[in-house]
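Novice: This is the structure I want to talk about, given as structure tokens.
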Amino acid sequence: MKAFALEVARTGLDAQEVEAAGFDPVATTLTTITRAHYYPDWSRIVVHVTADTDSGRLLGVSMVGAEGAAHRINSVAAALHAEMTVGEFGNLDFGYAPPFGPVWDPVLLAAKALGDEMEAGGDRRRTQPQNPITSTP
């Protein structure tokens with residue numbers, strides 16, 4: 001959906017819905033960029049990923065940004081349909097085209113961040129406000 005100058009997208013369940021469905025939610029939020037950093041007119045995108053703590057199954061993603069959220073959500077919808085884990089989804093290989101996305105797509109970065117957090121056994125509802133690699137142009 002479009003809300004003023006922002007694209008907002010969501011598929012799957014949020015943390016409250018995950019709990020209501022009997023899963024144990026784990027989630028993270030990542031802020032990164034929508035295109036290769038050296039490509040002009042990139043913007044920021046915020047991606048929130050929710051999974052099941054026990055199985056690692058990807059259960060939902062929401063994102064908001066000036067560009068890219070609307071088309072990126074489709075890959076997540078396919079992953080949910082395939083019942084992928086966060087690790088499986090984070091290891092997918094998306095095509096690289098600098099005008100349309102960075103080397104590591106924002107949804108893959110967010111999935112990798114959550115997977116790493118789950119492996120480390122850290123805080124169940126971690127939020128990472130900035131990706132240190134991409135926080136400045």
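We label chains A, B, ... in the order they appear in the structure tokens, count residues from 1 in each chain, and number ligands from 1 in the order shown.
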Would you list the contacts of Ala3 (chain A) as a ChimeraX atom specification, taking every protein, DNA or RNA residue within 12 Å and counting only C-alpha atoms, but skipping same-chain residues closer than 5 positions in sequence?

Specialist: /A:8-9,64-67,69-70

Novice: Generate the output file for the selected residues, C-alpha atoms, as a CSV table (one decimal), in the first residue's frame.

Specialist:
```
chain,number,residue,atom,x,y,z
A,8,VAL,CA,4.1,-0.1,3.4
A,9,ALA,CA,4.0,-3.9,3.0
A,64,VAL,CA,8.2,0.5,5.2
A,65,GLY,CA,10.3,2.7,3.0
A,66,ALA,CA,10.2,5.4,0.2
A,67,GLU,CA,10.7,2.7,-2.4
A,69,ALA,CA,8.7,-2.4,0.0
A,70,ALA,CA,5.8,-3.2,-2.4
```

Novice: Can you tell me, as JSON, numbers by chain, which residues in chain A count as alpha helix (DSSP H) by DSSP?

Specialist: {"A": [15, 16, 17, 18, 19, 20, 69, 70, 71, 72, 73, 74, 75, 76, 77, 78, 79, 80, 81, 86, 87, 88, 89, 90, 106, 107, 108, 109, 110, 111, 112, 113, 114, 115, 116, 117, 118, 119, 120]}

Novice: Please write the residues from the selection above to a file, keeping N, CA and C atoms, as an mmCIF file, in the first residue's frame.

Specialist:
```
data_model
loop_
_atom_site.group_PDB
_atom_site.id
_atom_site.type_symbol
_atom_site.label_atom_id
_atom_site.label_comp_id
_atom_site.auth_asym_id
_atom_site.auth_seq_id
_atom_site.Cartn_x
_atom_site.Cartn_y
_atom_site.Cartn_z
ATOM 1 N N ALA A 15 3.924 -10.433 15.721
ATOM 2 C CA ALA A 15 4.270 -11.136 16.966
ATOM 3 C C ALA A 15 3.035 -11.544 17.760
ATOM 4 N N GLN A 16 2.036 -10.675 17.858
ATOM 5 C CA GLN A 16 0.831 -11.002 18.609
ATOM 6 C C GLN A 16 0.060 -12.151 17.949
ATOM 7 N N GLU A 17 -0.038 -12.127 16.632
ATOM 8 C CA GLU A 17 -0.728 -13.199 15.916
ATOM 9 C C GLU A 17 0.038 -14.515 16.021
ATOM 10 N N VAL A 18 1.370 -14.417 16.032
ATOM 11 C CA VAL A 18 2.214 -15.608 16.175
ATOM 12 C C VAL A 18 1.930 -16.277 17.517
ATOM 13 N N GLU A 19 1.888 -15.467 18.585
ATOM 14 C CA GLU A 19 1.587 -16.014 19.909
ATOM 15 C C GLU A 19 0.193 -16.631 19.947
ATOM 16 N N ALA A 20 -0.781 -15.953 19.369
ATOM 17 C CA ALA A 20 -2.156 -16.460 19.352
ATOM 18 C C ALA A 20 -2.256 -17.784 18.596
ATOM 19 N N ALA A 69 9.400 -1.497 -0.929
ATOM 20 C CA ALA A 69 8.664 -2.391 -0.036
ATOM 21 C C ALA A 69 7.613 -3.199 -0.799
ATOM 22 N N ALA A 70 6.926 -2.552 -1.710
ATOM 23 C CA ALA A 70 5.821 -3.210 -2.412
ATOM 24 C C ALA A 70 6.280 -4.414 -3.231
ATOM 25 N N HIS A 71 7.402 -4.326 -3.907
ATOM 26 C CA HIS A 71 7.818 -5.480 -4.708
ATOM 27 C C HIS A 71 8.625 -6.492 -3.904
ATOM 28 N N ARG A 72 9.293 -6.079 -2.847
ATOM 29 C CA ARG A 72 10.087 -7.012 -2.044
ATOM 30 C C ARG A 72 9.224 -7.984 -1.254
ATOM 31 N N ILE A 73 8.030 -7.595 -0.902
ATOM 32 C CA ILE A 73 7.166 -8.445 -0.076
ATOM 33 C C ILE A 73 6.781 -9.728 -0.805
ATOM 34 N N ASN A 74 6.834 -9.733 -2.137
ATOM 35 C CA ASN A 74 6.457 -10.929 -2.898
ATOM 36 C C ASN A 74 7.378 -12.110 -2.617
ATOM 37 N N SER A 75 8.664 -11.862 -2.472
ATOM 38 C CA SER A 75 9.595 -12.958 -2.175
ATOM 39 C C SER A 75 9.292 -13.559 -0.808
ATOM 40 N N VAL A 76 8.897 -12.719 0.136
ATOM 41 C CA VAL A 76 8.551 -13.202 1.468
ATOM 42 C C VAL A 76 7.277 -14.044 1.416
ATOM 43 N N ALA A 77 6.297 -13.598 0.654
ATOM 44 C CA ALA A 77 5.049 -14.364 0.520
ATOM 45 C C ALA A 77 5.333 -15.764 -0.031
ATOM 46 N N ALA A 78 6.220 -15.856 -1.007
ATOM 47 C CA ALA A 78 6.588 -17.165 -1.562
ATOM 48 C C ALA A 78 7.295 -18.019 -0.508
ATOM 49 N N ALA A 79 8.171 -17.412 0.284
ATOM 50 C CA ALA A 79 8.884 -18.134 1.341
ATOM 51 C C ALA A 79 7.913 -18.640 2.410
ATOM 52 N N LEU A 80 6.920 -17.834 2.748
ATOM 53 C CA LEU A 80 5.914 -18.267 3.727
ATOM 54 C C LEU A 80 5.112 -19.448 3.179
ATOM 55 N N HIS A 81 4.748 -19.375 1.914
ATOM 56 C CA HIS A 81 3.998 -20.465 1.278
ATOM 57 C C HIS A 81 4.810 -21.766 1.308
ATOM 58 N N VAL A 86 13.928 -19.180 8.711
ATOM 59 C CA VAL A 86 14.644 -17.914 8.550
ATOM 60 C C VAL A 86 15.985 -18.173 7.862
ATOM 61 N N GLY A 87 16.664 -19.238 8.246
ATOM 62 C CA GLY A 87 17.952 -19.573 7.632
ATOM 63 C C GLY A 87 17.845 -19.886 6.158
ATOM 64 N N GLU A 88 16.836 -20.653 5.788
ATOM 65 C CA GLU A 88 16.637 -20.982 4.370
ATOM 66 C C GLU A 88 16.351 -19.723 3.564
ATOM 67 N N PHE A 89 15.475 -18.875 4.093
ATOM 68 C CA PHE A 89 15.147 -17.650 3.376
ATOM 69 C C PHE A 89 16.365 -16.733 3.277
ATOM 70 N N GLY A 90 17.109 -16.591 4.364
ATOM 71 C CA GLY A 90 18.297 -15.732 4.370
ATOM 72 C C GLY A 90 19.384 -16.194 3.422
ATOM 73 N N PRO A 106 17.461 -6.100 1.231
ATOM 74 C CA PRO A 106 17.061 -5.797 2.608
ATOM 75 C C PRO A 106 16.318 -6.925 3.329
ATOM 76 N N VAL A 107 15.436 -7.655 2.652
ATOM 77 C CA VAL A 107 14.727 -8.739 3.341
ATOM 78 C C VAL A 107 15.675 -9.882 3.689
ATOM 79 N N LEU A 108 16.673 -10.123 2.846
ATOM 80 C CA LEU A 108 17.651 -11.163 3.147
ATOM 81 C C LEU A 108 18.551 -10.746 4.312
ATOM 82 N N LEU A 109 18.963 -9.469 4.334
ATOM 83 C CA LEU A 109 19.763 -8.964 5.455
ATOM 84 C C LEU A 109 19.012 -9.096 6.772
ATOM 85 N N ALA A 110 17.738 -8.757 6.774
ATOM 86 C CA ALA A 110 16.942 -8.849 7.995
ATOM 87 C C ALA A 110 16.790 -10.303 8.440
ATOM 88 N N ALA A 111 16.568 -11.207 7.491
ATOM 89 C CA ALA A 111 16.471 -12.629 7.829
ATOM 90 C C ALA A 111 17.790 -13.148 8.379
ATOM 91 N N LYS A 112 18.898 -12.751 7.768
ATOM 92 C CA LYS A 112 20.215 -13.168 8.266
ATOM 93 C C LYS A 112 20.454 -12.628 9.675
ATOM 94 N N ALA A 113 20.077 -11.381 9.926
ATOM 95 C CA ALA A 113 20.257 -10.795 11.257
ATOM 96 C C ALA A 113 19.454 -11.570 12.293
ATOM 97 N N LEU A 114 18.221 -11.930 11.959
ATOM 98 C CA LEU A 114 17.403 -12.693 12.901
ATOM 99 C C LEU A 114 17.967 -14.097 13.088
ATOM 100 N N GLY A 115 18.386 -14.726 12.012
ATOM 101 C CA GLY A 115 18.984 -16.057 12.115
ATOM 102 C C GLY A 115 20.234 -16.053 12.983
ATOM 103 N N ASP A 116 21.087 -15.056 12.803
ATOM 104 C CA ASP A 116 22.298 -14.934 13.624
ATOM 105 C C ASP A 116 21.937 -14.751 15.091
ATOM 106 N N GLU A 117 20.939 -13.922 15.340
ATOM 107 C CA GLU A 117 20.490 -13.679 16.715
ATOM 108 C C GLU A 117 19.932 -14.955 17.342
ATOM 109 N N MET A 118 19.181 -15.721 16.563
ATOM 110 C CA MET A 118 18.611 -16.970 17.072
ATOM 111 C C MET A 118 19.717 -17.972 17.395
ATOM 112 N N GLU A 119 20.722 -18.057 16.530
ATOM 113 C CA GLU A 119 21.843 -18.971 16.779
ATOM 114 C C GLU A 119 22.639 -18.572 18.011
ATOM 115 N N ALA A 120 22.760 -17.276 18.240
ATOM 116 C CA ALA A 120 23.520 -16.784 19.390
ATOM 117 C C ALA A 120 22.715 -16.887 20.684
#
```

Novice: Go through A:Gly12, A:His37, A:Asp54, A:Val47 and flag the residue nearest Gly121 (chain A), using only C-alpha atoms for the distances.

Specialist: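 Among the listed residues, the smallest separation from Gly121 (chain A) belongs to A:Asp54.
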
Novice: Hey, can you check how far CA of Leu30 (chain A) sits from CA of Phe4 (chain A)?

Specialist: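 Separation of CA of Leu30 (chain A) and CA of Phe4 (chain A): 22.0 Å.
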
Novice: Pick out the closest residue to Arg35 (chain A) from this set: A:Leu6, A:Thr85, A:Gly95, A:Gly68. Count only C-alpha atoms.

Specialist: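 Looking at the shortest contact to Arg35 (chain A), the residue is A:Gly68.
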
Novice: Step one, run DSSP on the backbone; step two, keep only residues of chain A assigned to strand (DSSP E or B); then write them as a PyMOL selection string.

Specialist: chain A and resi 2-3+6-12+25-33+44-52+57-65+85+125+128

Novice: Save the residues we just selected, C-alpha atoms, as an mmCIF file, in the first residue's frame?

Specialist:
```
data_model
loop_
_atom_site.group_PDB
_atom_site.id
_atom_site.type_symbol
_atom_site.label_atom_id
_atom_site.label_comp_id
_atom_site.auth_asym_id
_atom_site.auth_seq_id
_atom_site.Cartn_x
_atom_site.Cartn_y
_atom_site.Cartn_z
ATOM 1 C CA LYS A 2 1.092 3.581 -0.449
ATOM 2 C CA ALA A 3 0.803 6.025 2.451
ATOM 3 C CA LEU A 6 5.950 5.699 1.778
ATOM 4 C CA GLU A 7 5.377 2.145 0.623
ATOM 5 C CA VAL A 8 4.091 -0.130 3.385
ATOM 6 C CA ALA A 9 3.956 -3.901 2.968
ATOM 7 C CA ARG A 10 3.179 -6.858 5.193
ATOM 8 C CA THR A 11 2.640 -10.583 4.775
ATOM 9 C CA GLY A 12 2.198 -13.360 7.293
ATOM 10 C CA PRO A 25 7.851 -15.471 18.496
ATOM 11 C CA VAL A 26 11.287 -14.064 17.912
ATOM 12 C CA ALA A 27 11.716 -10.878 15.884
ATOM 13 C CA THR A 28 14.179 -8.264 14.758
ATOM 14 C CA THR A 29 14.034 -4.972 12.912
ATOM 15 C CA LEU A 30 16.693 -3.784 10.481
ATOM 16 C CA THR A 31 17.127 -0.431 8.748
ATOM 17 C CA THR A 32 19.163 -0.490 5.550
ATOM 18 C CA ILE A 33 19.187 0.988 2.025
ATOM 19 C CA ARG A 44 16.183 3.797 3.633
ATOM 20 C CA ILE A 45 13.886 0.832 4.228
ATOM 21 C CA VAL A 46 12.883 -0.697 7.563
ATOM 22 C CA VAL A 47 12.251 -4.457 7.621
ATOM 23 C CA HIS A 48 10.703 -6.311 10.586
ATOM 24 C CA VAL A 49 10.971 -10.117 10.558
ATOM 25 C CA THR A 50 9.076 -12.508 12.847
ATOM 26 C CA ALA A 51 9.767 -16.234 13.222
ATOM 27 C CA ASP A 52 9.111 -19.166 15.548
ATOM 28 C CA ARG A 57 10.134 -21.029 10.630
ATOM 29 C CA LEU A 58 9.631 -17.637 9.005
ATOM 30 C CA LEU A 59 6.161 -16.420 10.008
ATOM 31 C CA GLY A 60 5.860 -12.807 8.909
ATOM 32 C CA VAL A 61 7.560 -9.711 7.552
ATOM 33 C CA SER A 62 6.542 -6.083 7.439
ATOM 34 C CA MET A 63 8.441 -3.223 5.857
ATOM 35 C CA VAL A 64 8.199 0.453 5.158
ATOM 36 C CA GLY A 65 10.264 2.744 2.957
ATOM 37 C CA THR A 85 12.945 -21.241 7.939
ATOM 38 C CA ARG A 125 12.776 -9.303 20.496
ATOM 39 C CA GLN A 128 18.700 -3.218 15.332
#
```

Novice: Please measure the separation of CA of Leu92 (chain A) and CA of Thr34 (chain A), giving the value in Å to one decimal.

Specialist: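 Between CA of Leu92 (chain A) and CA of Thr34 (chain A) the gap works out to 17.5 Å.
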
Novice: If I take CA of Leu13 (chain A) and CA of Ala82 (chain A), how far is one from the other in Å, to one decimal?

Specialist: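 Distance between the two atoms: 15.0 Å.
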